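Source file work_37.tsv; content: TSV, C-alpha atoms and all ligand atoms.
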chain	number	residue	atom	x	y	z
A	210	MET	CA	-78.29	-151.26	-52.06
A	211	LYS	CA	-81.72	-151.26	-53.74
A	212	ARG	CA	-82.86	-153.85	-51.21
A	213	TYR	CA	-81.61	-151.72	-48.30
A	214	PHE	CA	-83.48	-148.63	-49.54
A	215	THR	CA	-86.61	-150.74	-49.98
A	216	ILE	CA	-86.39	-151.70	-46.31
A	217	VAL	CA	-86.00	-148.02	-45.33
A	218	TYR	CA	-88.96	-147.01	-47.53
A	219	ILE	CA	-91.10	-149.71	-45.97
A	220	GLY	CA	-90.07	-148.44	-42.54
A	221	ILE	CA	-91.04	-144.84	-43.39
A	222	VAL	CA	-94.33	-145.82	-44.99
A	223	ALA	CA	-95.16	-148.14	-42.07
A	224	MET	CA	-94.38	-145.28	-39.68
A	225	LEU	CA	-96.80	-143.07	-41.59
A	226	ALA	CA	-99.47	-145.74	-41.67
A	227	GLY	CA	-99.14	-146.02	-37.89
A	228	SER	CA	-99.44	-142.28	-37.46
A	229	CYS	CA	-102.85	-142.04	-39.13
A	230	GLY	CA	-104.31	-143.47	-35.94
A	231	GLY	CA	-102.74	-140.51	-34.14
A	232	GLY	CA	-100.21	-142.67	-32.29
A	233	ALA	CA	-96.60	-141.68	-31.80
A	234	SER	CA	-93.97	-143.49	-33.84
A	235	ASN	CA	-92.46	-146.35	-31.92
A	236	PRO	CA	-89.02	-145.67	-30.51
A	237	ALA	CA	-86.56	-148.43	-31.17
A	238	ASP	CA	-85.91	-150.89	-28.41
A	239	THR	CA	-82.15	-151.27	-28.68
A	240	PRO	CA	-80.10	-148.71	-26.80
A	241	SER	CA	-76.90	-148.83	-28.90
A	242	LEU	CA	-76.21	-145.56	-30.70
A	243	ILE	CA	-74.57	-145.40	-34.10
A	244	PRO	CA	-71.96	-142.62	-34.28
A	245	GLU	CA	-72.12	-140.24	-37.18
A	246	LYS	CA	-69.17	-140.31	-39.57
A	247	GLN	CA	-66.10	-138.66	-38.05
A	248	ALA	CA	-65.27	-135.35	-39.66
A	249	PRO	CA	-61.61	-134.59	-40.43
A	250	ALA	CA	-59.60	-133.22	-37.49
A	251	THR	CA	-59.11	-129.48	-37.32
A	252	THR	CA	-56.98	-127.15	-35.21
A	253	VAL	CA	-59.53	-124.33	-35.36
A	254	SER	CA	-61.18	-123.75	-32.00
A	255	GLU	CA	-64.11	-121.60	-33.20
A	256	PRO	CA	-67.05	-123.39	-34.83
A	257	VAL	CA	-66.26	-124.09	-38.46
A	258	PRO	CA	-68.61	-125.28	-41.18
A	259	LEU	CA	-69.13	-129.02	-41.14
A	260	PRO	CA	-67.59	-130.98	-43.98
A	261	SER	CA	-69.95	-131.64	-46.87
A	262	THR	CA	-72.49	-134.37	-46.19
A	263	GLY	CA	-71.75	-135.52	-49.73
A	264	GLN	CA	-68.72	-137.32	-48.32
A	265	GLY	CA	-69.25	-141.05	-48.07
A	266	SER	CA	-71.91	-143.02	-49.87
A	267	PHE	CA	-75.50	-141.92	-49.76
A	268	GLU	CA	-76.33	-145.40	-48.53
A	269	SER	CA	-74.29	-144.82	-45.37
A	270	LEU	CA	-75.97	-141.42	-44.86
A	271	VAL	CA	-79.36	-143.10	-45.08
A	272	ALA	CA	-78.21	-145.69	-42.55
A	273	ASP	CA	-77.13	-142.89	-40.17
A	274	TYR	CA	-80.17	-140.67	-40.53
A	275	GLU	CA	-82.71	-143.48	-40.45
A	276	SER	CA	-81.00	-145.55	-37.76
A	277	LYS	CA	-83.64	-147.34	-35.77
A	278	ASP	CA	-81.93	-146.30	-32.53
A	279	ARG	CA	-82.29	-142.62	-33.35
A	280	GLY	CA	-85.78	-142.35	-31.92
A	281	ILE	CA	-84.37	-142.94	-28.44
A	282	TRP	CA	-82.34	-139.74	-28.36
A	283	GLN	CA	-84.01	-137.70	-31.10
A	284	LYS	CA	-87.56	-137.94	-29.66
A	285	PRO	CA	-89.16	-136.80	-32.93
A	286	GLU	CA	-92.71	-136.67	-31.62
A	287	LEU	CA	-91.69	-134.42	-28.72
A	288	VAL	CA	-89.76	-132.18	-31.12
A	289	ILE	CA	-92.65	-131.90	-33.58
A	290	SER	CA	-95.11	-131.16	-30.78
A	291	LEU	CA	-93.16	-127.95	-30.03
A	292	LEU	CA	-94.62	-126.48	-33.22
A	293	GLY	CA	-98.15	-126.91	-31.89
A	294	ASN	CA	-101.06	-127.82	-34.13
A	295	LEU	CA	-99.75	-128.13	-37.68
A	296	GLU	CA	-103.09	-128.74	-39.36
A	297	ASP	CA	-103.18	-125.30	-41.00
A	298	LYS	CA	-99.44	-124.81	-41.31
A	299	VAL	CA	-96.99	-125.07	-44.15
A	300	VAL	CA	-93.74	-126.38	-42.69
A	301	ALA	CA	-90.33	-126.17	-44.35
A	302	ASP	CA	-87.75	-128.74	-43.30
A	303	ILE	CA	-84.39	-127.25	-44.25
A	304	GLY	CA	-81.70	-129.87	-44.70
A	305	ALA	CA	-84.38	-132.53	-44.91
A	306	GLY	CA	-81.88	-135.30	-45.71
A	307	THR	CA	-83.85	-138.54	-45.89
A	308	GLY	CA	-86.97	-136.90	-44.47
A	309	TYR	CA	-86.63	-138.17	-40.91
A	310	PHE	CA	-88.66	-135.20	-39.70
A	311	THR	CA	-90.37	-134.35	-42.99
A	312	PHE	CA	-92.33	-137.56	-43.24
A	313	ARG	CA	-93.24	-137.58	-39.56
A	314	MET	CA	-94.81	-134.14	-40.05
A	315	VAL	CA	-96.66	-134.91	-43.29
A	316	PRO	CA	-99.65	-136.62	-41.61
A	317	LYS	CA	-100.02	-133.71	-39.17
A	318	ALA	CA	-99.42	-130.66	-41.40
A	319	LYS	CA	-101.22	-128.83	-44.17
A	320	LYS	CA	-98.06	-129.19	-46.24
A	321	VAL	CA	-94.39	-130.00	-45.69
A	322	ILE	CA	-91.63	-128.77	-48.00
A	323	GLY	CA	-88.52	-130.93	-47.77
A	324	ILE	CA	-85.62	-128.67	-48.71
A	325	ASP	CA	-82.07	-129.81	-49.38
A	326	ILE	CA	-79.05	-128.87	-51.46
A	327	ASP	CA	-78.11	-132.47	-52.22
A	328	GLU	CA	-79.81	-133.85	-55.31
A	329	ARG	CA	-79.54	-137.36	-53.88
A	330	SER	CA	-81.69	-136.28	-50.93
A	331	ILE	CA	-84.26	-134.80	-53.28
A	332	SER	CA	-84.40	-138.05	-55.31
A	333	PHE	CA	-84.69	-140.03	-52.10
A	334	LEU	CA	-87.48	-137.82	-50.76
A	335	ASP	CA	-89.34	-138.10	-54.07
A	336	SER	CA	-88.98	-141.86	-54.06
A	337	VAL	CA	-90.53	-141.98	-50.59
A	338	LYS	CA	-93.32	-139.64	-51.71
A	339	VAL	CA	-94.62	-142.06	-54.34
A	340	ARG	CA	-94.91	-144.73	-51.66
A	341	LEU	CA	-96.90	-142.56	-49.27
A	342	PRO	CA	-100.56	-143.33	-48.72
A	343	GLU	CA	-102.36	-141.39	-51.46
A	344	ARG	CA	-104.07	-139.01	-49.03
A	345	TYR	CA	-100.68	-137.70	-47.89
A	346	ARG	CA	-98.91	-137.38	-51.23
A	347	GLY	CA	-100.27	-133.92	-52.05
A	348	ARG	CA	-99.06	-132.62	-48.70
A	349	PHE	CA	-95.41	-133.11	-49.53
A	350	GLU	CA	-93.13	-131.23	-51.89
A	351	SER	CA	-89.38	-131.57	-52.30
A	352	ARG	CA	-87.29	-128.55	-53.18
A	353	LEU	CA	-83.70	-128.41	-54.34
A	354	ALA	CA	-82.13	-125.33	-52.78
A	355	LYS	CA	-78.80	-123.54	-52.90
A	356	PRO	CA	-76.42	-123.36	-49.91
A	357	ASP	CA	-77.21	-119.64	-49.48
A	358	ASN	CA	-80.95	-119.74	-50.23
A	359	PRO	CA	-83.73	-122.15	-49.24
A	360	PHE	CA	-85.86	-120.87	-52.14
A	361	LEU	CA	-89.00	-120.26	-50.13
A	362	ASN	CA	-91.56	-117.96	-51.71
A	363	PRO	CA	-92.31	-114.78	-49.71
A	364	GLY	CA	-94.16	-115.69	-46.51
A	365	GLU	CA	-94.63	-119.28	-47.70
A	366	ALA	CA	-93.71	-121.12	-44.49
A	367	ASP	CA	-95.65	-120.89	-41.24
A	368	ALA	CA	-92.94	-122.93	-39.55
A	369	VAL	CA	-89.38	-123.93	-40.38
A	370	VAL	CA	-87.32	-126.71	-38.84
A	371	ILE	CA	-83.55	-126.98	-39.14
A	372	VAL	CA	-82.34	-130.17	-37.49
A	373	ASN	CA	-78.69	-131.26	-37.46
A	374	THR	CA	-78.05	-128.86	-40.34
A	375	TYR	CA	-77.36	-125.41	-38.86
A	376	GLY	CA	-73.59	-125.97	-38.73
A	377	TYR	CA	-73.50	-126.76	-42.45
A	378	ILE	CA	-74.83	-123.34	-43.34
A	379	GLN	CA	-72.26	-120.66	-44.08
A	380	ASN	CA	-72.80	-116.88	-43.68
A	381	ARG	CA	-75.62	-117.78	-41.36
A	382	ILE	CA	-76.89	-114.31	-40.50
A	383	LYS	CA	-77.28	-113.51	-44.19
A	384	TYR	CA	-78.90	-116.91	-44.67
A	385	LEU	CA	-81.32	-116.32	-41.79
A	386	LYS	CA	-82.31	-112.95	-43.21
A	387	THR	CA	-83.02	-114.54	-46.60
A	388	LEU	CA	-84.91	-117.34	-44.87
A	389	SER	CA	-86.93	-114.84	-42.88
A	390	LYS	CA	-88.46	-113.49	-46.10
A	391	GLY	CA	-89.91	-116.94	-46.74
A	392	VAL	CA	-91.47	-117.11	-43.27
A	393	ALA	CA	-94.94	-115.71	-42.59
A	394	PRO	CA	-95.13	-112.94	-39.96
A	395	GLY	CA	-95.43	-114.68	-36.59
A	396	GLY	CA	-94.03	-117.87	-38.13
A	397	GLN	CA	-91.82	-120.24	-36.16
A	398	LEU	CA	-88.22	-121.34	-36.61
A	399	LEU	CA	-87.11	-124.44	-34.72
A	400	ILE	CA	-83.39	-125.20	-34.61
A	401	ILE	CA	-82.05	-128.37	-33.06
A	402	ASP	CA	-78.41	-129.32	-32.98
A	403	PHE	CA	-75.78	-131.12	-30.96
A	404	LYS	CA	-74.52	-129.77	-27.64
A	405	LYS	CA	-70.80	-129.51	-27.13
A	406	ASN	CA	-69.14	-131.89	-24.67
A	407	ASN	CA	-67.61	-134.80	-26.55
A	408	LEU	CA	-70.83	-136.69	-26.98
A	409	PRO	CA	-70.91	-140.31	-28.14
A	410	ILE	CA	-72.86	-139.25	-31.24
A	411	GLY	CA	-72.80	-136.29	-33.59
A	412	PRO	CA	-69.86	-134.39	-35.07
A	413	PRO	CA	-66.72	-133.53	-33.09
A	414	ASP	CA	-67.05	-130.48	-30.83
A	415	GLU	CA	-65.01	-128.18	-33.10
A	416	PHE	CA	-67.68	-128.48	-35.80
A	417	LYS	CA	-70.60	-127.66	-33.55
A	418	VAL	CA	-72.25	-124.27	-33.21
A	419	ALA	CA	-72.74	-123.35	-29.55
A	420	LEU	CA	-76.26	-122.65	-28.40
A	421	SER	CA	-75.28	-119.10	-27.34
A	422	GLN	CA	-74.01	-118.41	-30.85
A	423	VAL	CA	-77.19	-119.69	-32.51
A	424	GLU	CA	-79.15	-117.45	-30.15
A	425	LYS	CA	-77.07	-114.40	-31.06
A	426	GLU	CA	-77.32	-115.09	-34.78
A	427	LEU	CA	-81.08	-115.46	-34.62
A	428	ILE	CA	-81.49	-112.18	-32.77
A	429	THR	CA	-79.13	-110.37	-35.18
A	430	ALA	CA	-81.17	-111.71	-38.09
A	431	GLY	CA	-84.33	-110.26	-36.56
A	432	PHE	CA	-85.95	-113.30	-34.94
A	433	THR	CA	-87.30	-113.31	-31.40
A	434	ILE	CA	-86.32	-116.20	-29.16
A	435	GLU	CA	-89.38	-117.86	-27.73
A	436	LYS	CA	-87.98	-120.91	-26.01
A	437	ILE	CA	-84.65	-122.56	-25.27
A	438	ASP	CA	-84.45	-126.10	-23.96
A	439	LYS	CA	-81.15	-127.77	-23.11
A	440	ASP	CA	-82.62	-130.67	-21.21
A	441	ALA	CA	-85.41	-132.30	-23.19
A	442	LEU	CA	-82.95	-134.06	-25.48
A	443	ASP	CA	-79.85	-135.74	-24.04
A	444	TYR	CA	-77.48	-134.72	-26.82
A	445	GLN	CA	-79.08	-131.70	-28.39
A	446	TYR	CA	-80.34	-128.23	-27.63
A	447	ILE	CA	-83.61	-126.86	-28.93
A	448	ILE	CA	-84.25	-123.22	-29.86
A	449	LEU	CA	-87.66	-122.05	-30.91
A	450	ALA	CA	-87.68	-118.59	-32.46
A	451	VAL	CA	-90.39	-116.50	-34.05
A	452	LYS	CA	-90.42	-113.99	-36.88
A	453	PRO	CA	-92.03	-110.89	-35.36
A	454	LYS	CA	-95.43	-109.93	-36.74
A	455	GLU	CA	-94.27	-106.33	-37.22
A	456	PRO	CA	-90.99	-105.88	-39.13
A	457	LYS	CA	-88.15	-104.54	-36.98
A	458	ASN	CA	-86.59	-101.20	-37.88
A	459	ASP	CA	-83.54	-102.46	-39.74
A	460	ASP	CA	-82.79	-101.28	-43.25
A	461	SER	CA	-80.38	-104.14	-43.91
A	462	ARG	CA	-83.18	-106.76	-43.83
A	501	LIG	C1	-76.86	-134.12	-41.08
A	501	LIG	S1	-78.06	-134.01	-42.35
A	501	LIG	C2	-79.54	-133.81	-41.42
A	501	LIG	C3	-80.74	-134.36	-42.13
A	501	LIG	C4	-82.07	-134.25	-41.38
A	501	LIG	N1	-82.39	-132.89	-40.97
A	501	LIG	C5	-82.03	-135.14	-40.19
A	501	LIG	O1	-81.97	-134.62	-39.05
A	501	LIG	O2	-82.05	-136.36	-40.36
A	501	LIG	C6	-77.78	-132.41	-43.04
A	501	LIG	C7	-78.53	-132.16	-44.33
A	501	LIG	O3	-78.48	-130.77	-44.63
A	501	LIG	C8	-78.25	-130.60	-46.01
A	501	LIG	N2	-77.69	-129.27	-46.14
A	501	LIG	C9	-76.43	-128.85	-45.90
A	501	LIG	N3	-76.33	-127.52	-46.10
A	501	LIG	C10	-77.55	-127.08	-46.48
A	501	LIG	C11	-78.10	-125.80	-46.84
A	501	LIG	N4	-77.35	-124.70	-46.84
A	501	LIG	N5	-79.41	-125.73	-47.17
A	501	LIG	C12	-80.19	-126.84	-47.16
A	501	LIG	N6	-79.73	-128.08	-46.84
A	501	LIG	C13	-78.42	-128.19	-46.51
A	501	LIG	C14	-77.35	-131.75	-46.39
A	501	LIG	O4	-77.39	-132.01	-47.78
A	501	LIG	C15	-77.96	-132.88	-45.55
A	501	LIG	O5	-78.97	-133.56	-46.23

What does the file become when written as structure tokens?
Amino acid sequence: MKRYFTIVYIGIVAMLAGSCGGGASNPADTPSLIPEKQAPATTVSEPVPLPSTGQGSFESLVADYESKDRGIWQKPELVISLLGNLEDKVVADIGAGTGYFTFRMVPKAKKVIGIDIDERSISFLDSVKVRLPERYRGRFESRLAKPDNPFLNPGEADAVVIVNTYGYIQNRIKYLKTLSKGVAPGGQLLIIDFKKNNLPIGPPDEFKVALSQVEKELITAGFTIEKIDKDALDYQYIILAVKPKEPKNDDSR
């Protein structure tokens, strides 16, 4: 297991070393896609919270999240480019997992906060941090959060990304309102998750949150939708929202 993680670390650090020349990370060259672990069957037709990611060994989660084929469908550089120039931005990656997005953003951003509720993720992120080139180490911070609170300081994040994690969050409107307090006025929120339609990868359809529902929840929580893209990624939708510069008239926020 230690040997496997070493290989993953080397991969992440090599990816970062490559990025200092400004080049995109290399997509893998094999087209086979590794399915995520099947969640238990359910008879509920409305979206339900995904089963805990703590199920199964952390080693298998790392293998899933850091699969070398993922670049083909995840297009991380395209996704990150949607946030624009990150040089002066603090970015929070909520549900950072193994840091698939976190560590791709570190070389580009002022700071990246990798947030997760799983202590194993936090340990993993920290173990990658010590292997980063020294000039990047100070730009990364891990943060252990609670399921109902990302523990951002008021206005701390200029941008937030939530990738493959939205469905794990319960009481999402309340969560989004709490999150909003940690986002600077005018700050961005990028949500990416799996489309419905029995895809070869990702969770079963009954666990997914439909794009229209994410959109509604964001608006209810006070965000403004800036962009929706259902086509850029084969298996996933992209929603880019913004926290308005002026607070909306809503006493419940
Ligand atoms: C499927 S993984 C996605 C990891 C990463 N974003 C990626 O795309 O590779 C979901 C992650 O979200 C975390 N998570 C689940 N609920 C969360 C919550 N309420 N707040 C923060 N992280 C959460 C899990 O521990 C897990 O690491």

Exercise. Got a sec to check which residues lie within 7 Å of ligand LIG 501 (chain A), using all atoms listed in the file, and send them as a list of chain:residue names?
Worked result: A:Thr262, A:Gly263, A:Tyr274, A:Ile303, A:Gly304, A:Ala305, A:Gly306, A:Thr307, A:Gly308, A:Tyr309, A:Phe310, A:Ile324, A:Asp325, A:Ile326, A:Asp327, A:Ser330, A:Ala354, A:Lys355, A:Pro356, A:Asp357, A:Asn358, A:Pro359, A:Ile371, A:Val372, A:Asn373, A:Thr374, A:Tyr377, A:Ile378

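Closest to Glu455 of chain A among A:Asp414, A:Asn407, A:Glu435, A:Ala393 is A:Ala393, based on all atoms listed in the file.
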
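Shortest atom-to-atom contact with Leu292 of chain A among A:Ile428, A:Ala368, A:Ile401, A:Val451: A:Ala368, counting only C-alpha atoms.
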
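Here atom CA of Asp335 of chain A is placed at a distance of 26.3 Å from atom CA of Leu385 of chain A.
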
For this session: Name all residues at most 8 Å from Ile322 of chain A (count all atoms listed in the file; drop same-chain ones fewer than 3 positions away) and give them as an MDAnalysis selection string.
Result: chainID A and resid 299:302 311 349:352

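Of note, atom CA of Asn362 of chain A and atom CA of Pro285 of chain A are spaced 26.7 Å apart.
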
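Of the residues under consideration (A:Lys320, A:Glu275, A:Leu291, A:Asp443), A:Asp443 shows the shortest atom-to-atom contact distance to Pro409 of chain A when counting only C-alpha atoms.
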
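The coordinates place atom CA of Val315 of chain A at 10.2 Å from atom CA of Lys338 of chain A.
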
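Each of A:Val271, A:Val339, A:Leu427, A:Ile331 was compared to Ala450 of chain A using all atoms listed in the file, and A:Leu427 turns out to be the nearest.
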
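Of the residues under consideration (A:Gly376, A:Met314, A:Leu388, A:Gly395), A:Gly376 shows the shortest atom-to-atom contact distance to Glu415 of chain A when counting all atoms listed in the file.
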
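Each of A:Phe403, A:Ser290, A:Glu424, A:Pro342 was compared to Leu442 of chain A using only C-alpha atoms, and A:Phe403 turns out to be the nearest.
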
Problem set entry | Leu295 of chain A surroundings by only C-alpha atoms, 7 Å radius, close-in-sequence under 5 positions cut, as a PyMOL selection string | chain A and resi 317-319
